[in-house]
Amino acid sequence: MLAGAALTGAAPAGAVSGAGRISSGITYRQFDVPAARGTAHAHVLTVDLTDPHVRVDLLTPGAVAARARVSAMVDAAGAVAGVNGDFFDITETQHPGVEATGASVGPAIAHGRVLKSAVPTAQRFGPSLPPGTATTDVFGVGMDRRARLDRLVFTGTVRTPAGSLPLRGLNQYALAQGTVGAYTAAWGSASRRRATCGSDADRVAGCSTDTFEVRVRDGKVVGTSRAPGGGPIAAGTTVLLGREAGADRLRRLVRGEPVAVRGRLVASGARTPYRFAVGGYPVLRDGEPLPGLDDNVSAVRTAVGYASGGRRLLLLALDGATAYRKGMTIAEVASEMRKLGAADAFSLDGGGSSTMVARTAGAKTVSVLNHPTDRPERAVANGIGVFWKP
């Protein structure tokens with residue numbers, strides 16, 4: 001049993017404190033960190049990816065356009081620990097009547113299966129990106145069990161009797177202007193209306209009225225619609241959604257016409273396929289903080305990094321208890337990840353989303369290790385799960 005000093009504020013129900021081993025290859029500790037705006041408190045999971053009993057993967061709520069608490073996703077997946085993941089479409093107050101999808105910003109791969117691609121950079125939620133980074137940046141672990149930072153860009157085509165048109169997205173809450181995106185059963189049942197809102201320069205720009213959808217099943221067009229739809233998408237069915245010029249191209253398709261939809265995520269670095277990948281943004285490369293990291297805004301944050309050539313994983317979540325709620329700047333997070341031994345590190349969603357959970361020996365459910373600023377625990381788009389099997 002892990003034991004240690006309590007933090008300021010009531011502990012989460014069933015909380016684990018102190019430091020110790022969760023299982024072979026997985027350890028936990030917590031400690032204070034001096035920061036610009038006061039003392040922060042860090043919770044760190046260290047994961048040995050060389051341990052044959054250990055693996056990591058993406059936690060999901062069961063659909064791209066859905067949200068769930070980290071503790072619920074970890075328990076449902078049978079993991080022993082986890083943290084929250086990517087930034088996500090959390091609110092649509094600027095688009096009255098449009099549903100916030102809950103879908104994540106960046107690419108997502110779970111169990112080796114591509115779930116989605118990245119939204120345009122101007123359409124992201126979250127703090128300003130460091131110079132030179134984009135929504136296509138990911139942290140992932142390959143089939144070789146090595147962690148790495150990379151960039152995953154979607155490429156695809158829609159082949160029709162009249163020729164091919166480019167496919168610019170997969171299961172995204174926002175599409176670039178004038179493009180076509182694809183939606184599959186993995187998207188879930190949320191409305192696709194949000195995908196036609198905003199612009200390539202401004203997330204809060206209005207929604208396009210020049211839209212068109214085509215439903216494809218068994219390689220043929222089986223239905224069309226002038227407006228984005230919603231509800232579950234049947235397995236084996238692909239919905240093509242176009243806005244502006246993309247809508248014009250889709251209007252040329254008619255029921256019964258043969259259509260072939262192809263798309264994939266292309267890695268800019270790794271040749272090894274990914275077992276899982278999650279979006280966010282890099283803050284540390286080759287042991288050096290990225291230039292231009294913000295050193296003014298302090299917040300509760302979550303980050304992931306790796307050492308030992310990608311064989312040792314470091315998961316960090318700051319505490320949101322009253323005494324520590326000012327948190328750290330992103331530049332301070334990068335510095336702390338370097339002190340922990342990370343060669344590369346990656347920022348995940350923070351604020352009320354920052355959550356770390358773990359299961360102690362013999363426990364049937366996980367305990368929340370930090371004090372999330374949101375009470376109860378915030379539902380999020382995805383997370384990183386740590387698994388252990390005998």
# chains A, B, ... in the order shown; residues from 1 in each chain; ligands from 1

call {"tool": "select_by_dssp", "arguments": {"residues": "range 119-226 of chain A", "states": "strand (DSSP E)", "output": "number ranges by chain"}}
result
A: 137-142, 147-160, 163-167, 180-183, 211-217, 220-225

call {"tool": "residues_around", "arguments": {"residues": "range 53-67 of chain A", "least_positions_apart": "6", "cutoff": "6 Å", "atoms": "only C-alpha atoms", "output": "JSON, numbers by chain"}}
result
{"A": [101, 102, 103, 110, 186, 187, 188, 276, 379, 380, 381, 382, 383, 384, 385, 386, 387, 388, 389, 390]}

call {"tool": "residues_around", "arguments": {"residues": "range 135-146 of chain A", "least_positions_apart": "2", "cutoff": "7 Å", "atoms": "only C-alpha atoms", "output": "ChimeraX atom specification"}}
result
/A:49,105-107,118-121,133,148-153,272-281,310-311,346

call {"tool": "write_last_selection", "arguments": {"atoms": "N, CA and C atoms", "output": "JSON list (two decimals), in the first residue's frame"}}
result
[["chain", "number", "residue", "atom", "x", "y", "z"],
["A", 49, "LEU", "N", 8.90, 0.34, -20.34],
["A", 49, "LEU", "CA", 8.33, -0.31, -21.52],
["A", 49, "LEU", "C", 9.10, -1.58, -21.91],
["A", 105, "VAL", "N", -8.54, 17.25, -30.55],
["A", 105, "VAL", "CA", -7.95, 18.11, -31.57],
["A", 105, "VAL", "C", -7.09, 17.34, -32.55],
["A", 106, "GLY", "N", -6.15, 16.55, -32.04],
["A", 106, "GLY", "CA", -5.13, 15.93, -32.87],
["A", 106, "GLY", "C", -5.46, 14.54, -33.36],
["A", 107, "PRO", "N", -4.51, 13.92, -34.05],
["A", 107, "PRO", "CA", -4.70, 12.54, -34.51],
["A", 107, "PRO", "C", -4.85, 11.59, -33.32],
["A", 118, "ALA", "N", -6.14, 15.19, -37.51],
["A", 118, "ALA", "CA", -6.11, 16.48, -36.80],
["A", 118, "ALA", "C", -6.98, 17.52, -37.46],
["A", 119, "VAL", "N", -7.56, 18.39, -36.64],
["A", 119, "VAL", "CA", -8.30, 19.54, -37.17],
["A", 119, "VAL", "C", -7.29, 20.59, -37.64],
["A", 120, "PRO", "N", -7.71, 21.54, -38.49],
["A", 120, "PRO", "CA", -6.81, 22.63, -38.87],
["A", 120, "PRO", "C", -6.30, 23.37, -37.64],
["A", 121, "THR", "N", -5.08, 23.85, -37.69],
["A", 121, "THR", "CA", -4.45, 24.47, -36.52],
["A", 121, "THR", "C", -5.28, 25.62, -35.97],
["A", 133, "THR", "N", 5.20, 24.23, -34.20],
["A", 133, "THR", "CA", 4.41, 23.04, -33.90],
["A", 133, "THR", "C", 3.03, 23.16, -34.54],
["A", 148, "ARG", "N", 7.91, 7.80, -28.84],
["A", 148, "ARG", "CA", 8.53, 8.82, -29.70],
["A", 148, "ARG", "C", 7.57, 9.97, -29.93],
["A", 149, "LEU", "N", 8.13, 11.11, -30.34],
["A", 149, "LEU", "CA", 7.33, 12.22, -30.84],
["A", 149, "LEU", "C", 7.34, 12.16, -32.35],
["A", 150, "ASP", "N", 6.24, 12.56, -32.97],
["A", 150, "ASP", "CA", 6.15, 12.48, -34.42],
["A", 150, "ASP", "C", 5.08, 13.46, -34.89],
["A", 151, "ARG", "N", 4.86, 13.44, -36.19],
["A", 151, "ARG", "CA", 3.80, 14.23, -36.81],
["A", 151, "ARG", "C", 3.04, 13.31, -37.74],
["A", 152, "LEU", "N", 1.71, 13.26, -37.59],
["A", 152, "LEU", "CA", 0.86, 12.38, -38.40],
["A", 152, "LEU", "C", -0.08, 13.22, -39.25],
["A", 153, "VAL", "N", 0.13, 13.15, -40.56],
["A", 153, "VAL", "CA", -0.66, 13.95, -41.50],
["A", 153, "VAL", "C", -1.57, 13.03, -42.29],
["A", 272, "THR", "N", 8.04, 2.62, -38.11],
["A", 272, "THR", "CA", 7.35, 1.58, -37.37],
["A", 272, "THR", "C", 5.90, 2.00, -37.13],
["A", 273, "PRO", "N", 4.93, 1.15, -37.41],
["A", 273, "PRO", "CA", 3.53, 1.52, -37.15],
["A", 273, "PRO", "C", 3.31, 1.80, -35.67],
["A", 274, "TYR", "N", 2.35, 2.67, -35.40],
["A", 274, "TYR", "CA", 2.05, 3.03, -34.02],
["A", 274, "TYR", "C", 1.00, 2.11, -33.42],
["A", 275, "ARG", "N", 1.26, 1.71, -32.16],
["A", 275, "ARG", "CA", 0.23, 1.01, -31.40],
["A", 275, "ARG", "C", -0.79, 2.03, -30.89],
["A", 276, "PHE", "N", -0.27, 3.16, -30.43],
["A", 276, "PHE", "CA", -1.18, 4.24, -30.06],
["A", 276, "PHE", "C", -0.50, 5.57, -30.29],
["A", 277, "ALA", "N", -1.32, 6.60, -30.50],
["A", 277, "ALA", "CA", -0.83, 7.96, -30.65],
["A", 277, "ALA", "C", -1.90, 8.92, -30.15],
["A", 278, "VAL", "N", -1.45, 10.03, -29.56],
["A", 278, "VAL", "CA", -2.37, 11.02, -29.01],
["A", 278, "VAL", "C", -1.84, 12.41, -29.32],
["A", 279, "GLY", "N", -2.74, 13.36, -29.51],
["A", 279, "GLY", "CA", -2.36, 14.71, -29.84],
["A", 279, "GLY", "C", -2.04, 15.57, -28.63],
["A", 280, "GLY", "N", -1.44, 16.72, -28.89],
["A", 280, "GLY", "CA", -1.01, 17.69, -27.89],
["A", 280, "GLY", "C", 0.03, 18.56, -28.56],
["A", 281, "TYR", "N", 1.12, 18.88, -27.86],
["A", 281, "TYR", "CA", 2.21, 19.57, -28.55],
["A", 281, "TYR", "C", 3.53, 19.34, -27.82],
["A", 310, "GLY", "N", 13.34, 5.93, -25.57],
["A", 310, "GLY", "CA", 11.92, 5.61, -25.73],
["A", 310, "GLY", "C", 11.47, 4.40, -24.96],
["A", 311, "ARG", "N", 12.33, 3.87, -24.09],
["A", 311, "ARG", "CA", 11.99, 2.65, -23.33],
["A", 311, "ARG", "C", 11.44, 2.94, -21.95],
["A", 346, "PHE", "N", 6.02, 16.17, -24.02],
["A", 346, "PHE", "CA", 4.84, 16.54, -24.80],
["A", 346, "PHE", "C", 3.76, 17.02, -23.84]]

call {"tool": "atom_distance", "arguments": {"atom1": "CA of Phe88 in chain A", "atom2": "CA of Ala122 in chain A"}}
result
13.4 Å

call {"tool": "closest_atom_pairs", "arguments": {"of": "range 14-45 of chain A", "to": "range 334-342 of chain A", "cutoff": "12 Å", "atoms": "only C-alpha atoms", "output": "CSV"}}
result
residue,atom,partner,partner_atom,distance
A:Arg29,CA,A:Leu340,CA,11.7
A:Phe31,CA,A:Glu336,CA,11.7
A:Asp32,CA,A:Glu336,CA,11.2
A:Val33,CA,A:Glu336,CA,8.3
A:Pro34,CA,A:Glu336,CA,10.0
A:Ala35,CA,A:Glu336,CA,10.0
A:Ala40,CA,A:Glu336,CA,11.1
A:His41,CA,A:Glu336,CA,11.5
A:Ala42,CA,A:Glu336,CA,9.6
A:His43,CA,A:Leu340,CA,11.7
A:Val44,CA,A:Leu340,CA,9.3
A:Leu45,CA,A:Leu340,CA,10.9

call {"tool": "closest_atom_pairs", "arguments": {"of": "range 168-189 of chain A", "to": "range 251-263 of chain A", "cutoff": "10 Å", "atoms": "only C-alpha atoms", "output": "CSV"}}
result
residue,atom,partner,partner_atom,distance
A:Arg168,CA,A:Gly263,CA,8.7
A:Gly169,CA,A:Gly263,CA,8.3
A:Leu170,CA,A:Gly263,CA,8.0
A:Ala182,CA,A:Val261,CA,8.4

call {"tool": "write_last_selection", "arguments": {"atoms": "N, CA, C and O atoms", "output": "PDB file, in the first residue's frame"}}
result
ATOM      1  N   ARG A 168      -9.638  15.204 -47.102  1.00  0.00           N
ATOM      2  CA  ARG A 168      -8.779  16.018 -46.243  1.00  0.00           C
ATOM      3  C   ARG A 168      -8.955  15.765 -44.759  1.00  0.00           C
ATOM      4  O   ARG A 168      -8.341  16.465 -43.944  1.00  0.00           O
ATOM      5  N   GLY A 169      -9.753  14.773 -44.380  1.00  0.00           N
ATOM      6  CA  GLY A 169      -9.903  14.552 -42.948  1.00  0.00           C
ATOM      7  C   GLY A 169     -10.659  13.294 -42.624  1.00  0.00           C
ATOM      8  O   GLY A 169     -11.383  12.749 -43.465  1.00  0.00           O
ATOM      9  N   LEU A 170     -10.490  12.828 -41.380  1.00  0.00           N
ATOM     10  CA  LEU A 170     -11.174  11.636 -40.888  1.00  0.00           C
ATOM     11  C   LEU A 170     -11.678  11.897 -39.471  1.00  0.00           C
ATOM     12  O   LEU A 170     -10.897  12.187 -38.567  1.00  0.00           O
ATOM     13  N   ALA A 182     -14.196  12.485 -44.142  1.00  0.00           N
ATOM     14  CA  ALA A 182     -14.909  11.207 -44.002  1.00  0.00           C
ATOM     15  C   ALA A 182     -15.233  10.945 -42.540  1.00  0.00           C
ATOM     16  O   ALA A 182     -14.446  11.271 -41.643  1.00  0.00           O
TER      17      ALA A 182
END

call {"tool": "atom_distance", "arguments": {"atom1": "CA of Val83 in chain A", "atom2": "CA of Arg194 in chain A"}}
result
27.0 Å

call {"tool": "closest_residue", "arguments": {"among": "A:Ala76, A:Leu250, A:Ala174, A:Val204", "to": "Thr224 in chain A", "atoms": "only C-alpha atoms"}}
result
A:Leu250

call {"tool": "closest_residue", "arguments": {"among": "A:Thr211, A:Thr179, A:Asn171, A:Ser71", "to": "Thr157 in chain A", "atoms": "only C-alpha atoms"}}
result
A:Thr179

call {"tool": "closest_residue", "arguments": {"among": "A:Ala331, A:Met73, A:Leu240, A:Val266", "to": "Pro282 in chain A", "atoms": "only C-alpha atoms"}}
result
A:Ala331

call {"tool": "decode", "arguments": {"residues": "range 134-161 of chain A", "atoms": "N, CA and C atoms", "output": "short mmCIF file (atom, residue, chain, number, x, y, z; two decimals), in the first residue's frame"}}
result
data_model
loop_
_atom_site.label_atom_id
_atom_site.label_comp_id
_atom_site.auth_asym_id
_atom_site.auth_seq_id
_atom_site.Cartn_x
_atom_site.Cartn_y
_atom_site.Cartn_z
N ALA A 134 2.27 22.06 -34.56
CA ALA A 134 0.97 22.04 -35.24
C ALA A 134 0.07 21.00 -34.61
N THR A 135 -1.19 21.01 -35.01
CA THR A 135 -2.15 20.05 -34.47
C THR A 135 -1.83 18.62 -34.89
N THR A 136 -0.98 18.44 -35.88
CA THR A 136 -0.62 17.10 -36.35
C THR A 136 0.46 16.44 -35.49
N ASP A 137 1.04 17.19 -34.53
CA ASP A 137 2.06 16.62 -33.65
C ASP A 137 1.44 15.59 -32.71
N VAL A 138 2.16 14.49 -32.46
CA VAL A 138 1.66 13.43 -31.60
C VAL A 138 2.76 12.90 -30.70
N PHE A 139 2.32 12.32 -29.59
CA PHE A 139 3.16 11.43 -28.80
C PHE A 139 2.60 10.03 -29.01
N GLY A 140 3.48 9.05 -29.23
CA GLY A 140 2.98 7.70 -29.46
C GLY A 140 3.99 6.64 -29.07
N VAL A 141 3.51 5.41 -29.07
CA VAL A 141 4.35 4.24 -28.84
C VAL A 141 4.13 3.29 -30.01
N GLY A 142 5.23 2.89 -30.64
CA GLY A 142 5.15 2.03 -31.80
C GLY A 142 4.98 0.56 -31.45
N MET A 143 4.76 -0.23 -32.47
CA MET A 143 4.67 -1.67 -32.29
C MET A 143 5.99 -2.26 -31.79
N ASP A 144 7.06 -1.47 -31.87
CA ASP A 144 8.36 -1.89 -31.33
C ASP A 144 8.49 -1.57 -29.84
N ARG A 145 7.41 -1.05 -29.23
CA ARG A 145 7.34 -0.71 -27.80
C ARG A 145 8.25 0.46 -27.44
N ARG A 146 8.57 1.29 -28.39
CA ARG A 146 9.36 2.49 -28.14
C ARG A 146 8.48 3.73 -28.26
N ALA A 147 8.63 4.64 -27.30
CA ALA A 147 7.91 5.90 -27.34
C ALA A 147 8.66 6.89 -28.22
N ARG A 148 7.91 7.80 -28.84
CA ARG A 148 8.53 8.82 -29.70
C ARG A 148 7.57 9.97 -29.93
N LEU A 149 8.13 11.11 -30.34
CA LEU A 149 7.33 12.22 -30.84
C LEU A 149 7.34 12.16 -32.35
N ASP A 150 6.24 12.56 -32.97
CA ASP A 150 6.15 12.48 -34.42
C ASP A 150 5.08 13.46 -34.89
N ARG A 151 4.86 13.44 -36.19
CA ARG A 151 3.80 14.23 -36.81
C ARG A 151 3.04 13.31 -37.74
N LEU A 152 1.71 13.26 -37.59
CA LEU A 152 0.86 12.38 -38.40
C LEU A 152 -0.08 13.22 -39.25
N VAL A 153 0.13 13.15 -40.56
CA VAL A 153 -0.66 13.95 -41.50
C VAL A 153 -1.57 13.03 -42.29
N PHE A 154 -2.83 13.42 -42.41
CA PHE A 154 -3.80 12.59 -43.14
C PHE A 154 -3.73 12.85 -44.63
N THR A 155 -3.78 11.78 -45.41
CA THR A 155 -3.85 11.88 -46.86
C THR A 155 -4.88 10.87 -47.35
N GLY A 156 -5.69 11.28 -48.33
CA GLY A 156 -6.71 10.37 -48.82
C GLY A 156 -7.32 10.84 -50.12
N THR A 157 -8.10 9.95 -50.73
CA THR A 157 -8.79 10.26 -51.99
C THR A 157 -10.18 9.65 -51.99
N VAL A 158 -11.04 10.26 -52.77
CA VAL A 158 -12.37 9.71 -53.08
C VAL A 158 -12.39 9.49 -54.58
N ARG A 159 -12.42 8.23 -54.99
CA ARG A 159 -12.41 7.91 -56.42
C ARG A 159 -13.83 7.72 -56.93
N THR A 160 -14.15 8.43 -58.01
CA THR A 160 -15.48 8.36 -58.60
C THR A 160 -15.32 8.15 -60.11
N PRO A 161 -16.40 7.79 -60.82
CA PRO A 161 -16.31 7.64 -62.28
C PRO A 161 -15.84 8.92 -62.99
#
